[in-house]
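Chemist: Enclosed is the structure file run18.cif (mmCIF, C-alpha atoms).
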```cif
data_target
#
loop_
_atom_site.label_atom_id
_atom_site.label_comp_id
_atom_site.auth_asym_id
_atom_site.auth_seq_id
_atom_site.Cartn_x
_atom_site.Cartn_y
_atom_site.Cartn_z
CA MET A 1 -238.82 66.42 -94.36
CA THR A 2 -236.15 67.88 -92.05
CA LYS A 3 -232.95 69.15 -93.65
CA SER A 4 -229.60 67.88 -92.45
CA ASP A 5 -227.54 70.37 -90.46
CA ARG A 6 -224.94 70.14 -93.24
CA ASN A 7 -227.47 71.07 -95.91
CA LYS A 8 -226.83 74.79 -96.57
CA THR A 9 -229.26 75.17 -99.48
CA ILE A 10 -230.84 78.63 -99.47
CA GLU A 11 -234.62 78.43 -99.35
CA LEU A 12 -237.45 80.85 -98.67
CA SER A 13 -240.21 80.62 -96.10
CA ALA A 14 -243.65 81.95 -97.01
CA ALA A 15 -242.96 85.00 -94.84
CA GLU A 16 -239.63 85.63 -96.55
CA LEU A 17 -241.16 85.27 -100.00
CA LYS A 18 -243.73 87.91 -99.12
CA LEU A 19 -241.04 90.14 -97.65
CA TYR A 20 -238.54 89.95 -100.51
CA LYS A 21 -241.21 90.58 -103.14
CA ARG A 22 -241.29 94.16 -101.84
CA ALA A 23 -237.67 94.65 -102.89
CA LEU A 24 -238.33 93.72 -106.53
CA LEU A 25 -238.91 96.16 -109.37
CA LYS A 26 -241.64 95.25 -111.83
CA ALA A 27 -240.78 94.88 -115.51
CA GLY A 28 -242.32 97.56 -117.69
CA THR A 29 -242.60 100.10 -114.89
CA ALA A 30 -241.32 103.60 -115.71
CA LEU A 31 -238.21 104.03 -113.57
CA PRO A 32 -236.68 107.29 -112.29
CA PRO A 33 -232.97 107.82 -113.14
CA ASP A 34 -230.68 105.38 -111.33
CA SER A 35 -233.56 103.71 -109.47
CA TRP A 36 -232.77 100.44 -111.25
CA LEU A 37 -229.15 100.32 -110.01
CA ASN A 38 -228.36 97.47 -107.58
CA LYS A 39 -231.86 96.05 -108.05
CA THR A 40 -233.61 92.94 -109.29
CA ILE A 41 -236.32 93.45 -111.91
CA CYS A 42 -238.96 90.74 -112.02
CA GLY A 43 -240.67 90.05 -115.32
CA GLU A 44 -240.13 89.37 -118.99
CA MET A 45 -236.65 90.37 -120.12
CA GLU A 46 -237.53 92.26 -123.30
CA THR A 47 -240.21 94.28 -121.55
CA ALA A 48 -237.84 95.21 -118.73
CA ALA A 49 -234.98 96.07 -121.10
CA LYS A 50 -237.06 98.65 -122.98
CA ALA A 51 -237.24 100.82 -119.85
CA LEU A 52 -233.48 100.80 -119.28
CA PRO A 53 -231.25 103.73 -120.30
CA GLU A 54 -228.62 103.79 -123.02
CA SER A 55 -224.94 102.92 -122.56
CA PHE A 56 -224.63 102.27 -118.83
CA VAL A 57 -223.42 98.65 -118.69
CA ASP A 58 -219.72 97.78 -118.40
CA LEU A 59 -220.15 94.00 -118.32
CA LEU A 60 -223.05 91.93 -119.70
CA PHE A 61 -223.43 88.30 -118.63
CA LEU A 62 -225.95 86.37 -120.74
CA ASP A 63 -227.06 82.95 -119.53
CA PRO A 64 -230.24 82.40 -121.60
CA PRO A 65 -232.32 79.22 -121.67
CA TYR A 66 -230.36 76.52 -123.48
CA ASN A 67 -231.82 74.90 -126.57
CA LEU A 68 -233.24 71.85 -124.78
CA ASP A 69 -236.59 70.27 -124.05
CA ARG A 70 -237.28 71.04 -120.41
CA GLU A 71 -239.78 72.45 -117.95
CA PHE A 72 -238.60 75.17 -115.63
CA ALA A 73 -240.34 77.55 -113.21
CA GLY A 74 -243.71 76.58 -114.63
CA LEU A 75 -242.63 77.22 -118.22
CA LYS A 76 -242.01 74.66 -120.94
CA PHE A 77 -239.09 75.03 -123.36
CA LYS A 78 -238.97 73.05 -126.59
CA GLU A 79 -235.79 72.36 -128.53
CA LEU A 80 -235.65 74.47 -131.68
CA SER A 81 -233.74 74.18 -134.92
CA MET A 82 -230.41 76.00 -135.03
CA GLU A 83 -231.98 78.74 -137.15
CA GLU A 84 -234.92 79.16 -134.77
CA TYR A 85 -232.68 79.29 -131.70
CA ALA A 86 -230.41 81.81 -133.43
CA ALA A 87 -233.49 83.98 -134.03
CA MET A 88 -234.32 83.78 -130.31
CA LEU A 89 -230.77 84.80 -129.39
CA ASP A 90 -230.97 87.67 -131.86
CA LYS A 91 -234.16 88.87 -130.19
CA TRP A 92 -232.71 88.61 -126.68
CA ILE A 93 -229.39 90.28 -127.48
CA GLY A 94 -231.07 92.93 -129.60
CA ALA A 95 -233.21 93.88 -126.60
CA VAL A 96 -230.24 94.70 -124.36
CA VAL A 97 -227.47 95.84 -126.71
CA HIS A 98 -228.52 99.49 -126.32
CA THR A 99 -227.53 99.33 -122.63
CA LEU A 100 -223.86 98.61 -123.37
CA LYS A 101 -221.03 101.11 -123.18
CA PRO A 102 -218.67 101.33 -126.20
CA ASP A 103 -215.95 99.52 -124.20
CA ALA A 104 -218.27 96.92 -122.64
CA SER A 105 -217.47 93.21 -122.45
CA ILE A 106 -220.03 90.48 -123.06
CA TYR A 107 -220.07 86.82 -121.96
CA ILE A 108 -222.63 84.43 -123.49
CA CYS A 109 -223.27 80.97 -122.03
CA GLY A 110 -224.24 77.90 -124.00
CA ASP A 111 -223.56 74.24 -124.68
CA TRP A 112 -222.21 72.42 -127.73
CA ARG A 113 -225.66 72.27 -129.35
CA SER A 114 -225.98 76.06 -129.41
CA ALA A 115 -222.41 76.88 -130.48
CA ALA A 116 -223.25 77.64 -134.13
CA ALA A 117 -226.21 79.84 -133.19
CA ILE A 118 -224.23 81.77 -130.58
CA GLN A 119 -221.32 82.43 -132.94
CA THR A 120 -223.68 83.55 -135.72
CA ILE A 121 -225.53 86.08 -133.57
CA ALA A 122 -222.56 87.21 -131.48
CA GLU A 123 -220.68 88.13 -134.66
CA LYS A 124 -223.63 90.27 -135.71
CA TYR A 125 -223.34 92.54 -132.66
CA PHE A 126 -219.87 92.08 -131.13
CA ILE A 127 -216.23 91.19 -131.65
CA ILE A 128 -215.70 87.60 -130.50
CA ARG A 129 -212.48 87.34 -128.50
CA ASN A 130 -212.48 83.77 -127.23
CA ARG A 131 -214.54 80.80 -126.13
CA ILE A 132 -214.11 79.52 -122.60
CA THR A 133 -214.87 75.88 -121.85
CA TRP A 134 -215.52 75.03 -118.22
CA GLN A 135 -215.89 71.61 -116.66
CA ARG A 136 -219.30 70.93 -115.17
CA GLU A 137 -218.97 67.70 -113.25
CA LYS A 138 -222.62 67.24 -112.33
CA GLY A 139 -224.72 64.97 -114.48
CA ARG A 140 -225.38 61.32 -115.10
CA GLY A 141 -223.20 59.13 -117.27
CA ALA A 142 -224.29 58.13 -120.76
CA LYS A 143 -224.25 54.53 -122.01
CA ALA A 144 -224.25 55.29 -125.74
CA ASN A 145 -222.40 58.62 -125.78
CA TRP A 146 -219.72 60.61 -124.01
CA LYS A 147 -220.89 62.12 -120.74
CA ASN A 148 -221.68 65.80 -121.32
CA SER A 149 -219.68 67.54 -118.57
CA SER A 150 -218.66 70.86 -120.09
CA GLU A 151 -220.24 74.15 -121.08
CA ASP A 152 -219.00 77.11 -123.10
CA ILE A 153 -218.88 80.84 -122.44
CA TRP A 154 -218.22 83.13 -125.39
CA PHE A 155 -216.13 86.19 -124.55
CA CYS A 156 -216.98 89.21 -126.72
CA THR A 157 -216.47 92.97 -126.70
CA MET A 158 -218.33 95.89 -128.19
CA GLY A 159 -215.19 97.32 -129.76
CA LYS A 160 -211.41 97.26 -129.84
CA ASP A 161 -211.07 99.04 -126.49
CA TYR A 162 -212.06 96.93 -123.51
CA LYS A 163 -210.94 95.97 -119.99
CA PHE A 164 -209.05 92.78 -119.19
CA ASN A 165 -207.40 92.65 -115.78
CA VAL A 166 -205.17 89.62 -116.22
CA ASP A 167 -203.41 89.95 -112.85
CA ALA A 168 -206.77 89.85 -111.06
CA VAL A 169 -207.60 86.37 -112.38
CA LYS A 170 -204.38 84.43 -112.04
CA GLU A 171 -204.73 80.98 -110.51
CA LYS A 172 -202.61 79.52 -107.75
CA ARG A 173 -201.72 75.93 -108.57
CA LYS A 174 -199.71 73.24 -106.84
CA VAL A 175 -196.23 72.73 -108.27
CA ILE A 176 -195.88 69.06 -109.17
CA ALA A 177 -192.22 69.11 -110.24
CA PRO A 178 -190.58 72.18 -108.67
CA TYR A 179 -187.61 73.57 -110.62
CA ARG A 180 -184.78 75.41 -108.88
CA ILE A 181 -181.89 77.63 -109.96
CA ASP A 182 -179.03 77.91 -107.45
CA ASP A 183 -181.28 76.04 -105.03
CA LYS A 184 -183.93 78.79 -105.22
CA PRO A 185 -187.48 78.31 -106.55
CA LYS A 186 -187.89 79.27 -110.21
CA ASP A 187 -191.28 81.00 -110.78
CA TRP A 188 -192.90 79.34 -107.74
CA GLU A 189 -192.97 79.77 -103.97
CA GLU A 190 -192.50 77.53 -100.97
CA THR A 191 -195.12 77.85 -98.23
CA PRO A 192 -195.93 75.87 -95.08
CA ASP A 193 -198.96 74.57 -96.99
CA GLY A 194 -196.99 73.38 -100.02
CA ASN A 195 -195.38 74.63 -103.23
CA PHE A 196 -197.47 76.91 -105.46
CA ARG A 197 -197.19 78.85 -108.71
CA LEU A 198 -199.31 81.71 -110.02
CA THR A 199 -200.42 80.89 -113.56
CA HIS A 200 -202.03 82.99 -116.27
CA PRO A 201 -205.72 82.25 -116.90
CA SER A 202 -206.57 80.10 -119.90
CA ASN A 203 -209.83 79.40 -121.70
CA ILE A 204 -210.09 75.93 -120.12
CA TRP A 205 -211.51 76.08 -116.59
CA THR A 206 -211.25 72.89 -114.53
CA ASP A 207 -211.22 74.54 -111.11
CA ILE A 208 -214.97 75.25 -110.83
CA THR A 209 -217.16 73.40 -108.33
CA VAL A 210 -220.85 73.33 -109.27
CA PRO A 211 -222.93 74.30 -106.20
CA TYR A 212 -224.30 71.39 -104.20
CA TRP A 213 -226.27 70.97 -100.98
CA SER A 214 -223.47 71.50 -98.44
CA MET A 215 -222.23 74.74 -100.04
CA PRO A 216 -223.61 78.00 -98.56
CA GLU A 217 -224.24 79.44 -102.04
CA ASN A 218 -226.44 76.54 -103.14
CA THR A 219 -230.09 77.13 -104.10
CA THR A 220 -232.85 75.02 -105.61
CA HIS A 221 -232.28 76.54 -109.05
CA PRO A 222 -231.57 73.65 -111.47
CA THR A 223 -228.93 75.47 -113.56
CA GLN A 224 -227.27 77.70 -110.97
CA LYS A 225 -223.87 79.08 -111.99
CA PRO A 226 -221.09 79.01 -109.35
CA GLU A 227 -219.98 82.26 -107.72
CA LYS A 228 -216.34 81.41 -108.49
CA LEU A 229 -217.13 81.29 -112.21
CA LEU A 230 -218.77 84.72 -112.13
CA ALA A 231 -216.00 86.13 -109.97
CA LYS A 232 -213.43 85.24 -112.65
CA ILE A 233 -215.45 87.03 -115.32
CA ILE A 234 -216.26 90.07 -113.17
CA LEU A 235 -212.68 90.59 -111.99
CA ALA A 236 -211.26 90.16 -115.48
CA SER A 237 -213.67 92.41 -117.36
CA SER A 238 -214.74 95.14 -114.95
CA ASN A 239 -213.39 97.48 -112.29
CA GLU A 240 -214.78 98.38 -108.89
CA GLY A 241 -217.80 100.65 -109.28
CA ASP A 242 -218.62 99.35 -112.78
CA VAL A 243 -222.10 98.05 -113.67
CA VAL A 244 -222.62 94.31 -114.20
CA PHE A 245 -225.88 93.34 -115.91
CA ASP A 246 -227.52 89.90 -116.10
CA PRO A 247 -230.89 89.81 -117.93
CA PHE A 248 -231.40 86.10 -117.12
CA LEU A 249 -230.52 86.32 -113.45
CA GLY A 250 -231.86 83.01 -112.16
CA SER A 251 -231.11 82.68 -108.44
CA GLY A 252 -228.88 85.76 -108.44
CA THR A 253 -225.28 84.52 -108.72
CA THR A 254 -224.14 87.35 -111.01
CA SER A 255 -225.55 90.10 -108.80
CA VAL A 256 -224.21 88.44 -105.64
CA ALA A 257 -220.69 88.05 -107.03
CA ALA A 258 -220.74 91.63 -108.30
CA LYS A 259 -221.81 92.91 -104.88
CA LYS A 260 -219.11 90.91 -103.11
CA LEU A 261 -216.50 92.36 -105.49
CA ASN A 262 -217.68 95.98 -105.05
CA ARG A 263 -219.39 96.37 -108.41
CA ASN A 264 -222.84 97.77 -109.12
CA TYR A 265 -225.32 95.27 -110.50
CA LEU A 266 -228.67 94.84 -112.20
CA GLY A 267 -230.57 91.62 -112.83
CA ILE A 268 -233.78 90.64 -114.60
CA GLU A 269 -235.53 87.42 -113.66
CA LEU A 270 -238.85 86.06 -114.94
CA SER A 271 -239.58 83.81 -111.94
CA GLU A 272 -240.75 85.76 -108.90
CA ASP A 273 -239.64 82.97 -106.56
CA PHE A 274 -236.06 82.93 -107.87
CA ALA A 275 -235.94 86.72 -107.97
CA CYS A 276 -236.73 86.63 -104.25
CA VAL A 277 -234.00 84.01 -103.70
CA ALA A 278 -231.61 86.43 -105.39
CA GLU A 279 -232.69 89.18 -102.98
CA LYS A 280 -232.09 86.92 -99.99
CA ARG A 281 -228.62 86.04 -101.28
CA LEU A 282 -227.84 89.72 -101.77
CA LYS A 283 -228.84 90.35 -98.17
CA ILE A 284 -226.58 87.55 -96.98
CA ALA A 285 -223.71 89.03 -99.05
CA GLU A 286 -223.83 92.18 -96.94
CA GLN A 287 -222.34 90.18 -94.06
CA ASP A 288 -220.45 87.44 -95.87
CA LYS A 289 -218.34 88.45 -98.87
CA ARG A 290 -216.41 85.20 -99.18
CA ILE A 291 -216.28 83.41 -102.54
CA GLN A 292 -215.29 79.77 -102.38
CA GLY A 293 -211.95 79.21 -104.06
CA TYR A 294 -211.01 82.91 -104.15
CA GLU A 295 -208.80 84.08 -101.31
CA ASP A 296 -205.80 86.35 -100.79
CA GLY A 297 -206.58 88.02 -104.12
CA VAL A 298 -206.08 84.88 -106.21
CA PHE A 299 -208.08 81.89 -107.44
CA TRP A 300 -206.91 78.70 -105.80
CA GLU A 301 -206.81 75.42 -107.65
CA ARG A 302 -209.71 73.19 -106.62
CA ASN A 303 -209.05 70.94 -103.61
CA THR A 304 -205.98 72.85 -102.46
CA LEU A 305 -205.76 73.73 -98.77
CA LYS A 306 -206.80 77.36 -99.29
CA GLU A 307 -209.73 76.45 -101.54
CA GLN A 308 -210.99 73.93 -99.02
CA GLY A 309 -210.31 76.24 -96.09
CA ASN A 310 -212.41 78.97 -97.65
CA LYS A 311 -215.30 76.51 -97.83
CA LYS A 312 -214.93 75.28 -94.25
CA LYS A 313 -214.78 78.66 -92.53
CA THR A 314 -217.87 79.56 -90.59
CA THR A 315 -219.65 82.84 -91.06
CA LYS A 316 -219.07 85.15 -88.09
CA ASN A 317 -222.41 86.87 -88.41
CA LYS A 318 -225.09 84.33 -89.21
CA ILE A 319 -228.10 85.56 -91.14
CA LYS A 320 -231.38 85.21 -89.32
CA ASN A 321 -234.80 85.23 -90.88
CA ASP A 322 -235.40 88.78 -89.70
CA PRO A 323 -237.21 91.28 -91.94
CA LEU A 324 -235.13 93.50 -94.16
CA PRO A 325 -234.63 97.00 -92.72
CA GLY A 326 -236.94 99.41 -94.50
CA PHE A 327 -239.35 96.70 -95.70
CA LEU A 328 -241.76 96.66 -92.79
#
```
Written as structure tokens, how would this file's structure read?

Modeler:
Amino acid sequence: MTKSDRNKTIELSAAELKLYKRALLKAGTALPPDSWLNKTICGEMETAAKALPESFVDLLFLDPPYNLDREFAGLKFKELSMEEYAAMLDKWIGAVVHTLKPDASIYICGDWRSAAAIQTIAEKYFIIRNRITWQREKGRGAKANWKNSSEDIWFCTMGKDYKFNVDAVKEKRKVIAPYRIDDKPKDWEETPDGNFRLTHPSNIWTDITVPYWSMPENTTHPTQKPEKLLAKIILASSNEGDVVFDPFLGSGTTSVAAKKLNRNYLGIELSEDFACVAEKRLKIAEQDKRIQGYEDGVFWERNTLKEQGNKKKTTKNKIKNDPLPGFL
């Protein structure tokens, strides 16, 4: 079946899959100092984590399998009791907590079913600071229940000292009812594109677009997180040059957003195919650092001119299916 010209979904040819495998590190392999930095490790998370050094991570993003019945990447997941899922979370977090710096920040993803388990285990290891709820519009409607269109991200820290760059994550919103003093804008600005106000970030995110087929960041991963979502977290809770770690990397969004924002990164992914997709996306990010909805140093409200314009721009240097330098 031929893809539409508008379908930007990132896929791998057989030749690319073979090529990008060479860039992956294997879980459980003894690694020389710093050889794991800005890499993707392929394999089981706990095995890979054992080989990692102590206290090098500034920001940990945890997006583990949700507590649902589903089949994914050839593996079957069965819904567990709250106590059983909490034990799984305890095992996963316990495997990576040694990598965190004393001032590290931690973000843990989940849905309403896993909220009690996440809070129980997060409190064991971290200080819980907040719970972000973001609107996920994809999904079918329900006839006998409310449509489930939101997910949660728990914001935690290792200790009392931590980074939070509030000015880096302000959102530019349209002003619906502009207020003036002496005929001058009060806390907003007039532009040729409309009236806008910079607002402080809250823990309710309604400006996130879930990747779909016409977006250049889209992949075939069924639970891909948007780059804009990760960009908010990375800019708020890390500085340039810091290390961002995702032990459930999926198709690579965390590493890609970190690279685009001049952070170091490390990801672990069980599926070899998706680990290779992550490597392809990282290669693309070398030439295209745009993040949809983030422009001019601010996050634009969804469907504003700037947010849409960022999406419609064409990449100056298109990526060809050429071999990676150094992998021949």

Chemist: Using the chain letters and numbers from the file, which residues does the PyMOL selection byres ((chain A and resi 221) around 12) grab, as a list in words?

Modeler: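 That expression, the PyMOL selection byres ((chain A and resi 221) around 12), corresponds here to Thr9, Ile10, Glu11, Phe72, Ala73, Val210, Pro211, Tyr212, Trp213, Glu217, Asn218, Thr219, Thr220, Pro222, Thr223, Gln224, Lys225, Pro226, Leu249, Gly250, Ser251, Gly252, Thr253, Ser271, Asp273, Phe274, Ala275, Val277 and Ala278 of chain A.
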
Chemist: Looking at A:Asn148, A:Ala30, A:Pro247, A:Trp300, which one is nearest to A:Ile93, with distances taken over all atoms listed in the file?

Modeler: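 Ranking A:Asn148, A:Ala30, A:Pro247, A:Trp300 by distance to A:Ile93, first place goes to A:Pro247.
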
Chemist: For the atom pair atom CA of A:Ile108 and atom CA of A:Arg290, what is the interatomic distance in Å to one decimal place?

Modeler: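 According to the coordinates, atom CA of A:Ile108 and atom CA of A:Arg290 are separated by 25.1 Å.
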
Chemist: Rounded to one decimal in Å, what is the spacing between atom CA of A:Leu230 and atom CA of A:Gly141?

Modeler: 26.5 Å

Chemist: Around stretch 61-77 of chain A, with edges along x, y and z and 5 Å added on all six sides, what centre and edge lengths do you get, in Å to one decimal, as lines of an AutoDock Vina configuration file?

Modeler:
```
center_x = -233.6
center_y = 79.3
center_z = -119.9
size_x = 30.3
size_y = 28.0
size_z = 23.4
```

Chemist: Rounded to one decimal in Å, what is the spacing between atom CA of A:Cys276 and atom CA of A:Asp5?

Modeler: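 Atom CA of A:Cys276 sits 23.2 Å away from atom CA of A:Asp5.
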
Chemist: Which neighbours of A:Ala231 fall inside 9 Å, counting only C-alpha atoms, when residues of the same chain fewer than 6 positions from it are skipped, and could you give them as a list in words?

Modeler: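 The filter keeps Val169, Thr254, Ala257, Ala258, Lys260, Leu261, Ile291 and Tyr294 of chain A.
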
Chemist: Using all atoms listed in the file, which residues sit within 12 Å of A:Lys124 once same-chain residues fewer than 5 positions away are excluded, as a PDB file with C-alpha atoms, in the coordinates of the input?

Modeler:
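What landed in part.pdb:
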```
ATOM      1  CA  ALA A  86    -230.410  81.810-133.430  1.00  0.00           C
ATOM      2  CA  ALA A  87    -233.490  83.980-134.030  1.00  0.00           C
ATOM      3  CA  LEU A  89    -230.770  84.800-129.390  1.00  0.00           C
ATOM      4  CA  ASP A  90    -230.970  87.670-131.860  1.00  0.00           C
ATOM      5  CA  LYS A  91    -234.160  88.870-130.190  1.00  0.00           C
ATOM      6  CA  ILE A  93    -229.390  90.280-127.480  1.00  0.00           C
ATOM      7  CA  GLY A  94    -231.070  92.930-129.600  1.00  0.00           C
ATOM      8  CA  VAL A  97    -227.470  95.840-126.710  1.00  0.00           C
ATOM      9  CA  ALA A 117    -226.210  79.840-133.190  1.00  0.00           C
ATOM     10  CA  ILE A 118    -224.230  81.770-130.580  1.00  0.00           C
ATOM     11  CA  GLN A 119    -221.320  82.430-132.940  1.00  0.00           C
ATOM     12  CA  CYS A 156    -216.980  89.210-126.720  1.00  0.00           C
ATOM     13  CA  THR A 157    -216.470  92.970-126.700  1.00  0.00           C
ATOM     14  CA  MET A 158    -218.330  95.890-128.190  1.00  0.00           C
TER      15      MET A 158
END
```

Chemist: Take the PyMOL selection byres ((chain A and resi 79) around 12), run it mentally on this structure, and tell me the resulting residues as a list in words.

Modeler: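 Evaluating the PyMOL selection byres ((chain A and resi 79) around 12) on this file yields Pro65, Tyr66, Asn67, Leu68, Asp69, Arg70, Glu71, Lys76, Phe77, Lys78, Leu80, Ser81, Met82, Glu83, Glu84, Tyr85, Ala86, Met88, Arg113 and Ser114 of chain A.
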
Chemist: Can you spit out the residues from that selection as an mmCIF file, in the coordinates of the input, using C-alpha atoms?

Modeler:
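Written output follows (selection_20.cif):
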```cif
data_model
loop_
_atom_site.group_PDB
_atom_site.id
_atom_site.type_symbol
_atom_site.label_atom_id
_atom_site.label_comp_id
_atom_site.auth_asym_id
_atom_site.auth_seq_id
_atom_site.Cartn_x
_atom_site.Cartn_y
_atom_site.Cartn_z
ATOM 1 C CA PRO A 65 -232.320 79.220 -121.670
ATOM 2 C CA TYR A 66 -230.360 76.520 -123.480
ATOM 3 C CA ASN A 67 -231.820 74.900 -126.570
ATOM 4 C CA LEU A 68 -233.240 71.850 -124.780
ATOM 5 C CA ASP A 69 -236.590 70.270 -124.050
ATOM 6 C CA ARG A 70 -237.280 71.040 -120.410
ATOM 7 C CA GLU A 71 -239.780 72.450 -117.950
ATOM 8 C CA LYS A 76 -242.010 74.660 -120.940
ATOM 9 C CA PHE A 77 -239.090 75.030 -123.360
ATOM 10 C CA LYS A 78 -238.970 73.050 -126.590
ATOM 11 C CA LEU A 80 -235.650 74.470 -131.680
ATOM 12 C CA SER A 81 -233.740 74.180 -134.920
ATOM 13 C CA MET A 82 -230.410 76.000 -135.030
ATOM 14 C CA GLU A 83 -231.980 78.740 -137.150
ATOM 15 C CA GLU A 84 -234.920 79.160 -134.770
ATOM 16 C CA TYR A 85 -232.680 79.290 -131.700
ATOM 17 C CA ALA A 86 -230.410 81.810 -133.430
ATOM 18 C CA MET A 88 -234.320 83.780 -130.310
ATOM 19 C CA ARG A 113 -225.660 72.270 -129.350
ATOM 20 C CA SER A 114 -225.980 76.060 -129.410
#
```

Chemist: A:Leu25: which residues within 9 Å, counting all atoms listed in the file, same-chain residues fewer than 2 positions away excluded, as a ChimeraX atom specification?

Modeler: /A:21-23,27,29,31,36,39-43

Chemist: Using the chain letters and numbers from this file, what does the PyMOL selection byres ((chain A and resi 198) around 7) select? Give the answer as a compact mmCIF listing (two decimals) with C-alpha atoms, in the coordinates of the input.

Modeler:
```txt
# COMPACT_ATOMS: atom_id res chain seq x y z
CA LYS A 170 -204.38 84.43 -112.04
CA GLU A 171 -204.73 80.98 -110.51
CA LYS A 172 -202.61 79.52 -107.75
CA ARG A 173 -201.72 75.93 -108.57
CA PHE A 196 -197.47 76.91 -105.46
CA ARG A 197 -197.19 78.85 -108.71
CA THR A 199 -200.42 80.89 -113.56
CA HIS A 200 -202.03 82.99 -116.27
```

Chemist: Which one of A:Gln135, A:Ala168, A:Lys147, A:Leu75 sits closest to A:Trp205 if you count only C-alpha atoms?

Modeler: A:Gln135

Chemist: Give me the residues near A:Glu240 as a ChimeraX atom specification, where near means some atom within 6 Å (using all atoms listed in the file) and where sequence neighbours in that chain fewer than 2 positions away do not count.

Modeler: /A:242,262-263

Chemist: Counting all atoms listed in the file, figure out which residue out of A:Leu37, A:Glu123, A:Asn165, A:Lys280 gets nearest to A:Ser13.

Modeler: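 Closest to A:Ser13, using all atoms listed in the file: A:Lys280.
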
Chemist: Looking at A:Pro33, A:Thr206, A:Asn38, A:Glu301, which one is nearest to A:Lys259, with distances taken over only C-alpha atoms?

Modeler: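 Of the candidates, the smallest distance to A:Lys259 is held by A:Asn38.
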
Chemist: Given all atoms listed in the file as the basis, pick out the residue of A:His98, A:Arg281, A:Arg136, A:Lys289 nearest to A:Ala51.

Modeler: A:His98

Chemist: Would you kindly identify which residues have an atom no farther than 7 Å from (-216.7, 90.0, -125.8), using only C-alpha atoms and the file's own coordinates, and write them out as number ranges by chain?

Modeler: A: 105-107, 126-129, 155-158
